[in-house]
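What follows is run_22.pdb (PDB, C-alpha atoms and all ligand atoms).
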ATOM      1  CA  MET P1344       0.000   0.000   0.000
ATOM      2  CA  LYS P1345       0.914   3.647  -0.019
ATOM      3  CA  SER P1346       3.935   4.230   2.197
ATOM      4  CA  LYS P1347       3.145   5.913   5.460
ATOM      5  CA  ASN P1348       5.387   8.911   4.862
ATOM      6  CA  THR P1349       3.685   9.858   1.592
ATOM      7  CA  GLN P1350       1.086  12.259   2.858
ATOM      8  CA  ARG P1351      -1.347  13.521   0.295
ATOM      9  CA  ILE P1352      -1.673  17.022   1.680
ATOM     10  CA  SER P1353      -1.149  20.476   0.207
ATOM     11  CA  SER P1354      -1.830  24.111   0.769
ATOM     12  CA  VAL P1355      -2.461  26.960  -1.637
ATOM     13  CA  HIS P1356      -2.338  30.671  -1.009
ATOM     14  CA  ARG P1357      -3.617  32.975  -3.722
ATOM     15  CA  LYS P1358      -3.951  36.739  -3.512
ATOM     16  CA  THR P1359      -5.253  39.032  -6.221
ATOM     17  CA  ASN P1360      -6.948  42.416  -6.212
ATOM     18  CA  GLU P1361     -10.258  40.558  -6.022
ATOM     19  CA  THR P1362      -9.726  37.735  -3.510
ATOM     20  CA  GLU P1363      -7.297  36.363  -0.958
ATOM     21  CA  ILE P1364      -7.609  32.637  -0.384
ATOM     22  CA  ASN P1365      -5.889  30.165   1.913
ATOM     23  CA  VAL P1366      -6.791  26.521   1.464
ATOM     24  CA  LYS P1367      -5.370  23.307   2.909
ATOM     25  CA  VAL P1368      -6.450  19.819   1.938
ATOM     26  CA  ASN P1369      -5.747  16.297   3.136
ATOM     27  CA  LEU P1370      -6.952  13.731   0.619
ATOM     28  CA  ASP P1371      -6.760  10.951   3.202
ATOM     29  CA  GLY P1372      -8.767  12.770   5.832
ATOM     30  CA  ASN P1373     -12.091  12.156   7.541
ATOM     31  CA  GLY P1374     -14.165  14.919   6.004
ATOM     32  CA  ASN P1375     -13.202  17.431   8.653
ATOM     33  CA  ASN P1376     -13.523  21.008   7.526
ATOM     34  CA  LYS P1377     -13.546  24.643   8.463
ATOM     35  CA  ILE P1378     -14.897  26.857   5.722
ATOM     36  CA  ASP P1379     -15.256  30.626   5.755
ATOM     37  CA  THR P1380     -15.982  32.220   2.398
ATOM     38  CA  GLY P1381     -18.222  35.042   3.622
ATOM     39  CA  LEU P1382     -21.107  33.303   1.812
ATOM     40  CA  PRO P1383     -22.974  30.930   4.166
ATOM     41  CA  PHE P1384     -24.738  29.016   1.384
ATOM     42  CA  PHE P1385     -21.428  28.437  -0.407
ATOM     43  CA  ASP P1386     -19.797  27.388   2.903
ATOM     44  CA  HIS P1387     -22.592  24.804   3.153
ATOM     45  CA  MET P1388     -21.715  23.474  -0.331
ATOM     46  CA  ILE P1389     -17.961  23.188   0.357
ATOM     47  CA  GLU P1390     -18.728  21.497   3.676
ATOM     48  CA  GLN P1391     -20.767  18.913   1.735
ATOM     49  CA  LEU P1392     -17.868  18.430  -0.665
ATOM     50  CA  SER P1393     -15.518  17.756   2.253
ATOM     51  CA  LYS P1394     -17.879  15.604   4.298
ATOM     52  CA  HIS P1395     -18.757  13.222   1.462
ATOM     53  CA  SER P1396     -15.334  13.044  -0.213
ATOM     54  CA  LEU P1397     -13.614  12.538   3.181
ATOM     55  CA  ILE P1398     -11.122  15.199   2.072
ATOM     56  CA  ASP P1399     -10.268  17.466   4.989
ATOM     57  CA  ILE P1400     -10.653  21.040   3.758
ATOM     58  CA  TYR P1401      -9.626  24.189   5.597
ATOM     59  CA  LEU P1402     -10.548  27.201   3.527
ATOM     60  CA  CYS P1403     -10.666  30.914   4.204
ATOM     61  CA  CYS P1404     -11.442  33.536   1.601
ATOM     62  CA  VAL P1405     -11.703  37.295   1.841
ATOM     63  CA  GLY P1406     -13.251  38.396  -1.421
ATOM     64  CA  ASP P1407     -14.777  41.497  -2.982
ATOM     65  CA  LEU P1408     -18.315  40.598  -1.934
ATOM     66  CA  GLN P1409     -19.230  44.286  -2.052
ATOM     67  CA  ILE P1410     -19.257  43.788  -5.842
ATOM     68  CA  ASP P1411     -20.895  40.372  -5.949
ATOM     69  CA  SER P1412     -20.081  36.719  -5.288
ATOM     70  CA  HIS P1413     -18.579  36.053  -8.713
ATOM     71  CA  HIS P1414     -14.837  36.444  -8.044
ATOM     72  CA  THR P1415     -15.041  34.700  -4.675
ATOM     73  CA  ILE P1416     -16.757  31.574  -5.973
ATOM     74  CA  GLU P1417     -14.752  31.322  -9.200
ATOM     75  CA  ASP P1418     -11.416  31.837  -7.429
ATOM     76  CA  ILE P1419     -12.229  29.328  -4.684
ATOM     77  CA  GLY P1420     -12.969  26.774  -7.415
ATOM     78  CA  TRP P1421      -9.534  27.436  -8.830
ATOM     79  CA  ALA P1422      -7.686  27.332  -5.470
ATOM     80  CA  LEU P1423      -9.432  24.201  -4.241
ATOM     81  CA  GLY P1424      -8.824  22.364  -7.532
ATOM     82  CA  ASN P1425      -5.193  23.436  -7.491
ATOM     83  CA  ALA P1426      -4.761  22.182  -3.920
ATOM     84  CA  ILE P1427      -6.250  18.787  -4.797
ATOM     85  CA  ASN P1428      -4.050  18.532  -7.896
ATOM     86  CA  LYS P1429      -0.928  19.307  -5.842
ATOM     87  CA  ALA P1430      -1.897  16.802  -3.146
ATOM     88  CA  LEU P1431      -2.403  14.078  -5.778
ATOM     89  CA  GLY P1432       1.243  14.430  -6.800
ATOM     90  CA  ASN P1433       2.195  11.922  -9.509
ATOM     91  CA  LYS P1434      -1.166  10.145  -9.081
ATOM     92  CA  LYS P1435       0.480   6.791  -8.565
ATOM     93  CA  GLY P1436      -1.973   4.121  -7.459
ATOM     94  CA  ILE P1437      -5.179   6.120  -7.726
ATOM     95  CA  LYS P1438      -8.335   4.555  -9.126
ATOM     96  CA  ARG P1439      -8.611   7.531 -11.512
ATOM     97  CA  TYR P1440     -12.200   7.067 -12.801
ATOM     98  CA  SER P1441     -15.516   7.226 -11.038
ATOM     99  CA  PHE P1442     -19.146   8.171 -11.422
ATOM    100  CA  THR P1443     -21.995   8.806  -9.011
ATOM    101  CA  TYR P1444     -25.758   9.061  -9.331
ATOM    102  CA  LEU P1445     -26.837  11.271  -6.449
ATOM    103  CA  PRO P1446     -30.493  11.485  -5.475
ATOM    104  CA  MET P1447     -31.728  14.302  -3.277
ATOM    105  CA  ASP P1448     -35.473  14.203  -2.675
ATOM    106  CA  GLU P1449     -37.071  14.952  -6.069
ATOM    107  CA  CYS P1450     -33.749  15.534  -7.812
ATOM    108  CA  LEU P1451     -31.155  13.254  -9.465
ATOM    109  CA  THR P1452     -27.681  14.322 -10.564
ATOM    110  CA  ARG P1453     -24.881  12.314 -12.149
ATOM    111  CA  SER P1454     -21.188  13.184 -12.090
ATOM    112  CA  CYS P1455     -18.484  11.322 -13.990
ATOM    113  CA  ILE P1456     -14.812  12.073 -13.458
ATOM    114  CA  ASP P1457     -11.457  11.118 -14.884
ATOM    115  CA  ILE P1458      -8.406  12.366 -13.011
ATOM    116  CA  SER P1459      -6.748  12.600 -16.369
ATOM    117  CA  GLY P1460      -4.492  15.637 -16.311
ATOM    118  CA  ARG P1461      -6.754  16.989 -19.046
ATOM    119  CA  PRO P1462      -9.141  19.630 -17.703
ATOM    120  CA  TRP P1463     -12.638  19.597 -19.154
ATOM    121  CA  LEU P1464     -16.109  20.448 -17.939
ATOM    122  CA  VAL P1465     -19.366  19.247 -19.437
ATOM    123  CA  TRP P1466     -22.174  21.020 -17.572
ATOM    124  CA  LYS P1467     -25.712  19.909 -18.294
ATOM    125  CA  VAL P1468     -27.407  21.610 -15.375
ATOM    126  CA  PHE P1469     -30.259  24.037 -15.850
ATOM    127  CA  LEU P1470     -30.562  26.497 -12.981
ATOM    128  CA  PRO P1471     -33.285  29.128 -12.921
ATOM    129  CA  ASN P1472     -31.840  32.630 -13.058
ATOM    130  CA  ILE P1473     -32.409  33.472  -9.404
ATOM    131  CA  SER P1474     -30.255  34.315  -6.395
ATOM    132  CA  ILE P1475     -29.839  32.291  -3.225
ATOM    133  CA  LYS P1476     -28.690  34.578  -0.396
ATOM    134  CA  ASN P1477     -26.998  37.012  -2.796
ATOM    135  CA  ILE P1478     -25.455  34.260  -4.939
ATOM    136  CA  GLU P1479     -26.653  34.268  -8.540
ATOM    137  CA  THR P1480     -27.077  30.636  -9.461
ATOM    138  CA  GLU P1481     -25.304  31.030 -12.830
ATOM    139  CA  ILE P1482     -21.979  31.362 -10.965
ATOM    140  CA  PHE P1483     -21.987  27.695  -9.947
ATOM    141  CA  LYS P1484     -21.038  26.641 -13.476
ATOM    142  CA  GLU P1485     -17.992  28.893 -13.138
ATOM    143  CA  PHE P1486     -17.046  27.193  -9.867
ATOM    144  CA  PHE P1487     -17.035  23.752 -11.457
ATOM    145  CA  HIS P1488     -15.253  25.079 -14.556
ATOM    146  CA  SER P1489     -12.451  26.656 -12.483
ATOM    147  CA  PHE P1490     -12.233  23.529 -10.358
ATOM    148  CA  ALA P1491     -11.910  21.274 -13.425
ATOM    149  CA  GLN P1492      -9.254  23.538 -14.948
ATOM    150  CA  SER P1493      -6.942  23.728 -11.949
ATOM    151  CA  SER P1494      -7.461  20.169 -10.736
ATOM    152  CA  GLU P1495      -6.895  18.965 -14.334
ATOM    153  CA  ILE P1496      -9.880  16.649 -13.958
ATOM    154  CA  THR P1497     -12.286  15.765 -16.743
ATOM    155  CA  LEU P1498     -15.641  16.442 -15.101
ATOM    156  CA  HIS P1499     -19.105  15.806 -16.516
ATOM    157  CA  ILE P1500     -22.109  16.832 -14.425
ATOM    158  CA  GLU P1501     -25.715  16.381 -15.478
ATOM    159  CA  ASN P1502     -28.831  17.117 -13.502
ATOM    160  CA  ILE P1503     -31.169  14.473 -14.859
ATOM    161  CA  TYR P1504     -34.241  15.906 -13.145
ATOM    162  CA  GLY P1505     -35.164  18.099 -10.210
ATOM    163  CA  GLN P1506     -37.183  21.172  -9.273
ATOM    164  CA  ASN P1507     -35.735  22.675  -6.120
ATOM    165  CA  THR P1508     -32.774  24.936  -6.914
ATOM    166  CA  HIS P1509     -31.065  24.332  -3.553
ATOM    167  CA  HIS P1510     -31.325  20.571  -4.131
ATOM    168  CA  ILE P1511     -30.016  20.785  -7.707
ATOM    169  CA  ILE P1512     -26.938  22.754  -6.651
ATOM    170  CA  GLU P1513     -26.292  20.667  -3.555
ATOM    171  CA  SER P1514     -26.649  17.421  -5.512
ATOM    172  CA  CYS P1515     -23.896  18.599  -7.869
ATOM    173  CA  PHE P1516     -21.510  19.141  -4.949
ATOM    174  CA  LYS P1517     -22.429  15.862  -3.241
ATOM    175  CA  SER P1518     -22.151  13.890  -6.458
ATOM    176  CA  LEU P1519     -18.712  15.370  -7.163
ATOM    177  CA  ALA P1520     -17.702  14.564  -3.573
ATOM    178  CA  LEU P1521     -18.562  10.890  -3.894
ATOM    179  CA  SER P1522     -16.933  10.590  -7.308
ATOM    180  CA  LEU P1523     -13.787  12.223  -5.941
ATOM    181  CA  ARG P1524     -13.755   9.952  -2.909
ATOM    182  CA  SER P1525     -13.686   6.913  -5.145
ATOM    183  CA  ALA P1526     -11.381   8.203  -7.905
ATOM    184  CA  ILE P1527      -8.647   9.491  -5.564
ATOM    185  CA  ALA P1528      -8.657   6.277  -3.527
ATOM    186  CA  ILE P1529      -5.572   4.087  -3.750
ATOM    187  CA  ASP P1530      -6.219   0.874  -5.683
ATOM    188  CA  SER P1531      -4.624  -1.913  -3.631
ATOM    189  CA  ARG P1532      -4.172  -4.030  -6.797
ATOM    190  CA  ASN P1533      -2.329  -1.244  -8.623
ATOM    191  CA  PHE P1534      -0.813   0.859  -5.850
ATOM    192  CA  ASN P1535       2.627   1.161  -7.371
ATOM    193  CA  ASN P1536       1.602   2.244 -10.860
ATOM    194  CA  VAL P1537       0.216   5.340 -12.512
ATOM    195  CA  PRO P1538      -3.072   4.153 -14.065
ATOM    196  CA  SER P1539      -2.242   5.159 -17.628
ATOM    197  CA  THR P1540      -0.766   3.268 -20.570
ATOM    198  CA  LYS P1541       1.097   6.508 -21.265
ATOM    199  CA  GLY P1542       2.746   6.238 -17.874
ATOM    200  CA  THR P1543       1.782   9.747 -16.806
ATOM    201  CA  LEU P1544      -1.319  11.704 -15.801
ATOM    202  CA  THR P1545       0.360  15.058 -15.547
ATOM    203  CA  GLY P1546      -1.349  16.893 -18.365
ATOM    204  CA  ASN P1547       0.796  15.869 -21.331
ATOM    205  CA  LYS P1548      -1.670  14.884 -24.015
TER
HETATM  206 MN    MN P1601     -28.710  21.886   1.933
END
Starting from the file, give its structure as structure tokens.
Amino acid sequence: MKSKNTQRISSVHRKTNETEINVKVNLDGNGNNKIDTGLPFFDHMIEQLSKHSLIDIYLCCVGDLQIDSHHTIEDIGWALGNAINKALGNKKGIKRYSFTYLPMDECLTRSCIDISGRPWLVWKVFLPNISIKNIETEIFKEFFHSFAQSSEITLHIENIYGQNTHHIIESCFKSLALSLRSAIAIDSRNFNNVPSTKGTLTGNK
């Protein structure tokens, strides 16, 4: 199995004129988290991501919320994806692929991921053009897009059906969490190999 001194942890600090973000992750955690983005609904979503992926996430963001939530949510997607990518290292031994059908009351969402080194987002999620606690729902696509780019994960998310906007958004985060949990897990039958015939998953096509 994975040697004990190979900890899959990382931290990312990113400061721009729009946001300042500190994030730490432990891929082999217990789903412990402390999230402070200044946006309680978004905190709730990142907490779900941590809890169901079992990735410990400590995240603090001070963003330009006086403008709107756009920069904060997009930049957190980037920082969190970057932290997970760094913690994955050379990706030796990971399962790499996974998918999850996630029901939430009336709603069903599917996520499929490949920790490929090739960032891509397919987003088939219709969200009504409303705001939840000052967050315009259209920004959630940008979160997943930023996350896919910096994590270098191929990510397909489709809401198959659903009516409640809170449920649709939350099911996307929970579905991603469960897919991540499985895809980042170490495969005991292949723990010493990078799962690619190319021999690398570091973004070289
Ligand atoms: Mn909820």
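Nearest residue to His1509 (chain P), choosing from P:Lys1377, P:Lys1541, P:His1387, P:Arg1351 and counting only C-alpha atoms: P:His1387.
Coordinates place CA of Ile1478 (chain P) at a distance of 11.3 Å from CA of His1414 (chain P).
You can rank P:Glu1501, P:Asp1386, P:Glu1495, P:Asp1530 by their closest distance to ligand MN 1601 (chain P) using only C-alpha atoms and all ligand atoms, and at the top of that list sits P:Asp1386.
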I'd like the neighbourhood of Arg1453 (chain P) as a ChimeraX atom specification, where a residue qualifies if any of its atoms comes within 12 Å (using all atoms listed in the file), though same-chain residues fewer than 4 positions away should be ignored. /P:1441-1447,1465-1468,1498-1505,1511-1512,1514-1522
Expected file: the selected residues, C-alpha atoms, as a PDB file, keeping the file's coordinate frame:
ATOM      1  CA  SER P1441     -15.516   7.226 -11.038  1.00  0.00           C
ATOM      2  CA  PHE P1442     -19.146   8.171 -11.422  1.00  0.00           C
ATOM      3  CA  THR P1443     -21.995   8.806  -9.011  1.00  0.00           C
ATOM      4  CA  TYR P1444     -25.758   9.061  -9.331  1.00  0.00           C
ATOM      5  CA  LEU P1445     -26.837  11.271  -6.449  1.00  0.00           C
ATOM      6  CA  PRO P1446     -30.493  11.485  -5.475  1.00  0.00           C
ATOM      7  CA  MET P1447     -31.728  14.302  -3.277  1.00  0.00           C
ATOM      8  CA  VAL P1465     -19.366  19.247 -19.437  1.00  0.00           C
ATOM      9  CA  TRP P1466     -22.174  21.020 -17.572  1.00  0.00           C
ATOM     10  CA  LYS P1467     -25.712  19.909 -18.294  1.00  0.00           C
ATOM     11  CA  VAL P1468     -27.407  21.610 -15.375  1.00  0.00           C
ATOM     12  CA  LEU P1498     -15.641  16.442 -15.101  1.00  0.00           C
ATOM     13  CA  HIS P1499     -19.105  15.806 -16.516  1.00  0.00           C
ATOM     14  CA  ILE P1500     -22.109  16.832 -14.425  1.00  0.00           C
ATOM     15  CA  GLU P1501     -25.715  16.381 -15.478  1.00  0.00           C
ATOM     16  CA  ASN P1502     -28.831  17.117 -13.502  1.00  0.00           C
ATOM     17  CA  ILE P1503     -31.169  14.473 -14.859  1.00  0.00           C
ATOM     18  CA  TYR P1504     -34.241  15.906 -13.145  1.00  0.00           C
ATOM     19  CA  GLY P1505     -35.164  18.099 -10.210  1.00  0.00           C
ATOM     20  CA  ILE P1511     -30.016  20.785  -7.707  1.00  0.00           C
ATOM     21  CA  ILE P1512     -26.938  22.754  -6.651  1.00  0.00           C
ATOM     22  CA  SER P1514     -26.649  17.421  -5.512  1.00  0.00           C
ATOM     23  CA  CYS P1515     -23.896  18.599  -7.869  1.00  0.00           C
ATOM     24  CA  PHE P1516     -21.510  19.141  -4.949  1.00  0.00           C
ATOM     25  CA  LYS P1517     -22.429  15.862  -3.241  1.00  0.00           C
ATOM     26  CA  SER P1518     -22.151  13.890  -6.458  1.00  0.00           C
ATOM     27  CA  LEU P1519     -18.712  15.370  -7.163  1.00  0.00           C
ATOM     28  CA  ALA P1520     -17.702  14.564  -3.573  1.00  0.00           C
ATOM     29  CA  LEU P1521     -18.562  10.890  -3.894  1.00  0.00           C
ATOM     30  CA  SER P1522     -16.933  10.590  -7.308  1.00  0.00           C
TER      31      SER P1522
END
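Minimum atom-to-atom distances from P:Ala1422, P:Ile1364, P:Ile1437, P:Ile1475 to ligand MN 1601 (chain P) were compared using only C-alpha atoms and all ligand atoms, and the lowest value belongs to P:Ile1475.
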Under the rule that only C-alpha atoms and all ligand atoms are counted, which of P:Gly1372, P:Gly1424, P:Pro1383, P:Gly1542 is the nearest residue to ligand MN 1601 (chain P)? P:Pro1383
Tell me, as a PyMOL selection string, which residues lie within 9 Å of Asn1425 (chain P), counting all atoms listed in the file; anything in the same chain fewer than 5 positions away does not count. chain P and resi 1354-1355+1420+1430+1490+1492-1495
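Between Phe1483 (chain P) and the candidates P:Arg1461, P:Phe1534, P:Glu1449, P:Glu1417, the tightest atom-to-atom separation, counting all atoms listed in the file, involves P:Glu1417.
Separating CA of Glu1363 (chain P) from CA of Asp1411 (chain P) is a distance of 15.0 Å.
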